[in-house]
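J.: Supplied in structure tokens, the structure appears directly below.
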Amino acid sequence: MAKKALNKGFFITFEGCEGCGKSTHSRLLYDYLERLGYGCVITREPGGTRAGEEIRKILLHSDGIKISDVTELFLFESARAQIVRQIIRPALDKKRIVICDRFSDATLAYQGYGARIPALTIKALDKVATGGIMPDLTFVLDIDVLTGLGRAKRKGYDRMEKKALSYHRRVRTGYLAIAAKEPARVKIVNLEDDISGTQSNIRRQVSRVIQRYKR
């Protein structure tokens, strides 16, 4: 069955604090759009490629290795450079819908607001890593920090989740600030009582935007 054609690639990202449900909602949206007949690619950061997945292991599961904030920044950007060139750009060039669990906004929120690395430093490095690619639509799944960390704890904290509560609160502040600066692109999604309610909200917003990408 032929896929529905778009006039250009459509890049959607999911962002938010730990335990907000990004992975769940990105997968649900991917399945939904595929059922509608669109050609979609789903991926994640850090990861998505062999190199990226190895970097992910270092960033999230290396308790015995001390990683400075600046080293952390370069590792995230290195994984991003690989996924952009290997996965994201080729799919967008083929006019596919690309759904990514985290992207550049995560670095600004975590390494910028969280770790207090200057935004200008992050943006300069990120521009090199992304080659100028930015999401067309970003969902920030907003959740209380303590609630989110409680959810994350069920599967066992990774290295990022183990950071101080004050760090995670700055990350949330960062995401809200990013959304306030770019309301046309970045949409705050307040989580509903059930997954289906939140997903329905996301699908409605995607459906409105995707009309601009149809032939």
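Letters A, B, ... mark the chains of the structure tokens in the order given; residue numbers begin at 1 per chain; ligand numbers begin at 1, in order shown.
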At a cut-off of 10 Å, using only C-alpha atoms, what residues contact Arg212 (chain A)? Leave out same-chain residues fewer than 2 positions from it and give the result as a PyMOL selection string.
T.: chain A and resi 6-8+10+207-210+214-215
J.: Near Leu36 (chain A), within 12 Å and counting only C-alpha atoms, which residues show up once chain neighbours fewer than 5 positions away are dropped, as a list in words?
T.: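 Selected residues are Met1, Ala2, Lys3, Lys4, Ala5, Leu29, Tyr30, Asp31, Arg203 and Ser207 of chain A.
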J.: What does the file look like for those residues with C-alpha atoms, as a compact mmCIF listing (two decimals), in the first residue's frame?
T.:
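Listed below is the output, part.txt:
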```txt
# COMPACT_ATOMS: atom_id res chain seq x y z
CA MET A 1 0.00 0.00 0.00
CA ALA A 2 1.42 3.38 -1.03
CA LYS A 3 2.13 5.82 1.75
CA LYS A 4 0.36 9.16 1.92
CA ALA A 5 2.58 11.80 0.36
CA LEU A 29 1.82 8.66 17.83
CA TYR A 30 4.08 6.71 15.48
CA ASP A 31 1.66 3.76 15.43
CA ARG A 203 -3.02 13.65 17.93
CA SER A 207 -3.54 16.61 12.75
```
J.: Taking only residues of region 11-96 of chain A that have an atom at most 8 Å from an atom of region 106-127 of chain A, what is each one's shortest atom pair and its distance in Å to one decimal, using only C-alpha atoms, in chain and number order, as a tab-separated table?
T.:
```
residue	atom	partner	partner_atom	distance
A:Glu15	CA	A:Ala106	CA	6.6
A:Gly16	CA	A:Ala106	CA	7.7
A:Asp69	CA	A:Ala115	CA	6.5
A:Val70	CA	A:Ile117	CA	7.7
A:Glu72	CA	A:Gln111	CA	8.0
A:Leu73	CA	A:Gln111	CA	6.4
A:Phe76	CA	A:Thr107	CA	7.5
A:Glu77	CA	A:Asp126	CA	6.4
```
J.: Return as an mmCIF file with all heavy atoms, in the first residue's frame the full set of residues in region 93-209 of chain A whose backbone-based DSSP assignment is strand (DSSP E or B).
T.:
```
data_model
loop_
_atom_site.group_PDB
_atom_site.id
_atom_site.type_symbol
_atom_site.label_atom_id
_atom_site.label_comp_id
_atom_site.auth_asym_id
_atom_site.auth_seq_id
_atom_site.Cartn_x
_atom_site.Cartn_y
_atom_site.Cartn_z
ATOM 1 N N ILE A 97 7.691 11.481 7.959
ATOM 2 C CA ILE A 97 7.480 12.054 9.279
ATOM 3 C C ILE A 97 8.497 11.413 10.216
ATOM 4 O O ILE A 97 8.577 10.187 10.309
ATOM 5 C CB ILE A 97 6.054 11.786 9.788
ATOM 6 C CG1 ILE A 97 5.023 12.467 8.883
ATOM 7 C CG2 ILE A 97 5.904 12.292 11.235
ATOM 8 C CD1 ILE A 97 3.578 12.114 9.232
ATOM 9 N N VAL A 98 9.286 12.224 10.881
ATOM 10 C CA VAL A 98 10.279 11.722 11.834
ATOM 11 C C VAL A 98 9.830 12.097 13.241
ATOM 12 O O VAL A 98 9.543 13.263 13.530
ATOM 13 C CB VAL A 98 11.671 12.312 11.568
ATOM 14 C CG1 VAL A 98 12.666 11.821 12.623
ATOM 15 C CG2 VAL A 98 12.154 11.938 10.170
ATOM 16 N N ILE A 99 9.751 11.097 14.118
ATOM 17 C CA ILE A 99 9.385 11.306 15.519
ATOM 18 C C ILE A 99 10.596 10.940 16.365
ATOM 19 O O ILE A 99 11.100 9.822 16.279
ATOM 20 C CB ILE A 99 8.183 10.440 15.914
ATOM 21 C CG1 ILE A 99 6.961 10.802 15.067
ATOM 22 C CG2 ILE A 99 7.874 10.601 17.405
ATOM 23 C CD1 ILE A 99 5.798 9.857 15.240
ATOM 24 N N CYS A 100 11.063 11.891 17.162
ATOM 25 C CA CYS A 100 12.264 11.650 17.969
ATOM 26 C C CYS A 100 11.995 11.925 19.445
ATOM 27 O O CYS A 100 11.441 12.969 19.797
ATOM 28 C CB CYS A 100 13.414 12.527 17.472
ATOM 29 S SG CYS A 100 15.025 12.059 18.141
ATOM 30 N N ASP A 101 12.360 10.979 20.269
ATOM 31 C CA ASP A 101 12.273 11.090 21.725
ATOM 32 C C ASP A 101 13.514 11.855 22.194
ATOM 33 O O ASP A 101 14.584 11.298 22.310
ATOM 34 C CB ASP A 101 12.231 9.672 22.314
ATOM 35 C CG ASP A 101 12.141 9.644 23.823
ATOM 36 O OD1 ASP A 101 12.403 10.675 24.468
ATOM 37 O OD2 ASP A 101 11.827 8.569 24.366
ATOM 38 N N LEU A 137 7.611 20.613 15.114
ATOM 39 C CA LEU A 137 6.641 20.597 16.203
ATOM 40 C C LEU A 137 7.243 19.834 17.380
ATOM 41 O O LEU A 137 7.766 18.734 17.203
ATOM 42 C CB LEU A 137 5.349 19.916 15.748
ATOM 43 C CG LEU A 137 4.219 19.790 16.760
ATOM 44 C CD1 LEU A 137 3.727 21.160 17.211
ATOM 45 C CD2 LEU A 137 3.059 18.983 16.166
ATOM 46 N N THR A 138 7.171 20.446 18.556
ATOM 47 C CA THR A 138 7.728 19.822 19.756
ATOM 48 C C THR A 138 6.679 19.780 20.855
ATOM 49 O O THR A 138 6.019 20.785 21.128
ATOM 50 C CB THR A 138 8.958 20.607 20.254
ATOM 51 O OG1 THR A 138 9.987 20.556 19.263
ATOM 52 C CG2 THR A 138 9.487 20.035 21.559
ATOM 53 N N PHE A 139 6.533 18.618 21.469
ATOM 54 C CA PHE A 139 5.646 18.471 22.615
ATOM 55 C C PHE A 139 6.481 18.358 23.885
ATOM 56 O O PHE A 139 7.351 17.496 23.978
ATOM 57 C CB PHE A 139 4.779 17.217 22.472
ATOM 58 C CG PHE A 139 3.769 17.293 21.364
ATOM 59 C CD1 PHE A 139 3.950 16.583 20.184
ATOM 60 C CD2 PHE A 139 2.648 18.098 21.487
ATOM 61 C CE1 PHE A 139 3.026 16.660 19.154
ATOM 62 C CE2 PHE A 139 1.721 18.188 20.457
ATOM 63 C CZ PHE A 139 1.909 17.472 19.286
ATOM 64 N N VAL A 140 6.206 19.226 24.837
ATOM 65 C CA VAL A 140 6.812 19.121 26.157
ATOM 66 C C VAL A 140 5.756 18.554 27.093
ATOM 67 O O VAL A 140 4.752 19.207 27.379
ATOM 68 C CB VAL A 140 7.298 20.493 26.678
ATOM 69 C CG1 VAL A 140 7.767 20.367 28.122
ATOM 70 C CG2 VAL A 140 8.434 21.023 25.803
ATOM 71 N N LEU A 141 5.973 17.335 27.522
ATOM 72 C CA LEU A 141 5.034 16.685 28.432
ATOM 73 C C LEU A 141 5.380 17.144 29.848
ATOM 74 O O LEU A 141 6.402 16.739 30.406
ATOM 75 C CB LEU A 141 5.119 15.168 28.305
ATOM 76 C CG LEU A 141 4.945 14.600 26.884
ATOM 77 C CD1 LEU A 141 4.916 13.082 26.932
ATOM 78 C CD2 LEU A 141 3.689 15.137 26.226
ATOM 79 N N ASP A 142 4.548 17.999 30.390
ATOM 80 C CA ASP A 142 4.864 18.635 31.667
ATOM 81 C C ASP A 142 4.357 17.800 32.834
ATOM 82 O O ASP A 142 3.204 17.348 32.838
ATOM 83 C CB ASP A 142 4.253 20.031 31.718
ATOM 84 C CG ASP A 142 4.738 20.813 32.928
ATOM 85 O OD1 ASP A 142 5.932 20.688 33.266
ATOM 86 O OD2 ASP A 142 3.929 21.532 33.531
ATOM 87 N N VAL A 186 6.697 24.914 20.088
ATOM 88 C CA VAL A 186 6.749 24.102 21.298
ATOM 89 C C VAL A 186 5.419 24.174 22.043
ATOM 90 O O VAL A 186 4.972 25.248 22.445
ATOM 91 C CB VAL A 186 7.891 24.567 22.222
ATOM 92 C CG1 VAL A 186 8.006 23.636 23.422
ATOM 93 C CG2 VAL A 186 9.209 24.623 21.457
ATOM 94 N N LYS A 187 4.804 23.029 22.212
ATOM 95 C CA LYS A 187 3.491 22.936 22.849
ATOM 96 C C LYS A 187 3.596 22.217 24.194
ATOM 97 O O LYS A 187 4.070 21.084 24.259
ATOM 98 C CB LYS A 187 2.505 22.181 21.944
ATOM 99 C CG LYS A 187 2.437 22.699 20.507
ATOM 100 C CD LYS A 187 1.991 24.144 20.432
ATOM 101 C CE LYS A 187 1.902 24.624 18.987
ATOM 102 N NZ LYS A 187 1.521 26.064 18.913
ATOM 103 N N ILE A 188 3.165 22.897 25.232
ATOM 104 C CA ILE A 188 3.109 22.264 26.548
ATOM 105 C C ILE A 188 1.893 21.351 26.606
ATOM 106 O O ILE A 188 0.777 21.757 26.281
ATOM 107 C CB ILE A 188 3.014 23.315 27.668
ATOM 108 C CG1 ILE A 188 4.272 24.182 27.713
ATOM 109 C CG2 ILE A 188 2.771 22.642 29.015
ATOM 110 C CD1 ILE A 188 5.503 23.455 28.208
ATOM 111 N N VAL A 189 2.107 20.114 27.013
ATOM 112 C CA VAL A 189 1.014 19.154 27.169
ATOM 113 C C VAL A 189 0.916 18.802 28.646
ATOM 114 O O VAL A 189 1.824 18.185 29.211
ATOM 115 C CB VAL A 189 1.251 17.881 26.338
ATOM 116 C CG1 VAL A 189 0.147 16.867 26.599
ATOM 117 C CG2 VAL A 189 1.344 18.216 24.854
ATOM 118 N N ASN A 190 -0.160 19.229 29.270
ATOM 119 C CA ASN A 190 -0.411 18.851 30.660
ATOM 120 C C ASN A 190 -0.988 17.441 30.674
ATOM 121 O O ASN A 190 -1.999 17.167 30.019
ATOM 122 C CB ASN A 190 -1.381 19.836 31.308
ATOM 123 C CG ASN A 190 -0.795 21.232 31.388
ATOM 124 O OD1 ASN A 190 0.331 21.412 31.859
ATOM 125 N ND2 ASN A 190 -1.527 22.226 30.913
#
```
J.: For the structure I just gave you, how does DSSP split region 86-210 of chain A - specifically, which residues are alpha helix (DSSP H)? Reply as a PyMOL selection string.
T.: chain A and resi 89-93+104-107+119-130+145-153+165-181+195-210
J.: Which is closer to Met134 (chain A) than all the others in A:Leu33, A:Ile12, A:Ile67, A:Cys17, using only C-alpha atoms?
T.: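 That would be A:Ile12, the residue with the smallest distance to Met134 (chain A).
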J.: Hey, what's within 7 Å of region 147-164 of chain A if we count only C-alpha atoms and toss same-chain stuff fewer than 3 positions away? As a VMD selection string, please?
T.: chain A and resid 17 to 20 59 to 61 63 143 to 144 167 to 168
J.: Okay, now the selection with C-alpha atoms, as a tab-separated table (two decimals), in the first residue's frame?
T.:
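Dumped everything to part.tsv:
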```
chain	number	residue	atom	x	y	z
A	17	CYS	CA	11.39	15.81	32.58
A	18	GLU	CA	12.11	12.29	33.75
A	19	GLY	CA	9.10	10.00	33.94
A	20	CYS	CA	6.84	12.19	31.79
A	59	LEU	CA	25.80	8.72	29.52
A	60	LEU	CA	23.11	6.76	31.33
A	61	HIS	CA	24.74	3.62	32.70
A	63	ASP	CA	28.09	4.92	37.47
A	143	ILE	CA	4.90	16.80	34.98
A	144	ASP	CA	5.71	17.63	38.59
A	167	TYR	CA	18.89	20.03	39.03
A	168	HIS	CA	15.66	18.44	37.82
```
J.: When you count only C-alpha atoms, which of these residues is closest to Val41 (chain A): A:Lys66, A:Lys95, A:Arg85, A:Arg169?
T.: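 Closest to Val41 (chain A), using only C-alpha atoms: A:Lys95.
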J.: Check the smallest atom-to-atom distance from each of A:Asp105, A:Gly197, A:Thr13, A:Thr49 to Ala179 (chain A) using only C-alpha atoms, then report the winner.
T.: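 Answer, going by the shortest atom-to-atom distance: A:Asp105.
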J.: Could you tell me how far CA of Ser68 (chain A) lies from CA of Lys181 (chain A), in Å and to one decimal?
T.: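 Between CA of Ser68 (chain A) and CA of Lys181 (chain A) the gap is 28.6 Å.
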J.: Using only C-alpha atoms, can you tell me which of A:Phe14, A:Val84, A:Thr24, A:Gly131 comes closest to Gly48 (chain A)?
T.: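 Smallest separation from Gly48 (chain A) among the options: A:Val84.
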J.: Let me make sure I understand: among A:Ile42, A:Leu165, A:Leu176, A:Val145, which one has the smallest atom-to-atom distance to Ile87 (chain A) if we use only C-alpha atoms?
T.: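 Nearest candidate to Ile87 (chain A) out of A:Ile42, A:Leu165, A:Leu176, A:Val145: A:Ile42.
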J.: Determine the nearest neighbour of Thr130 (chain A) from the options A:Arg89, A:Arg170, A:Arg96, A:Arg102, counting only C-alpha atoms.
T.: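 Among the listed residues, A:Arg89 lies closest to Thr130 (chain A).
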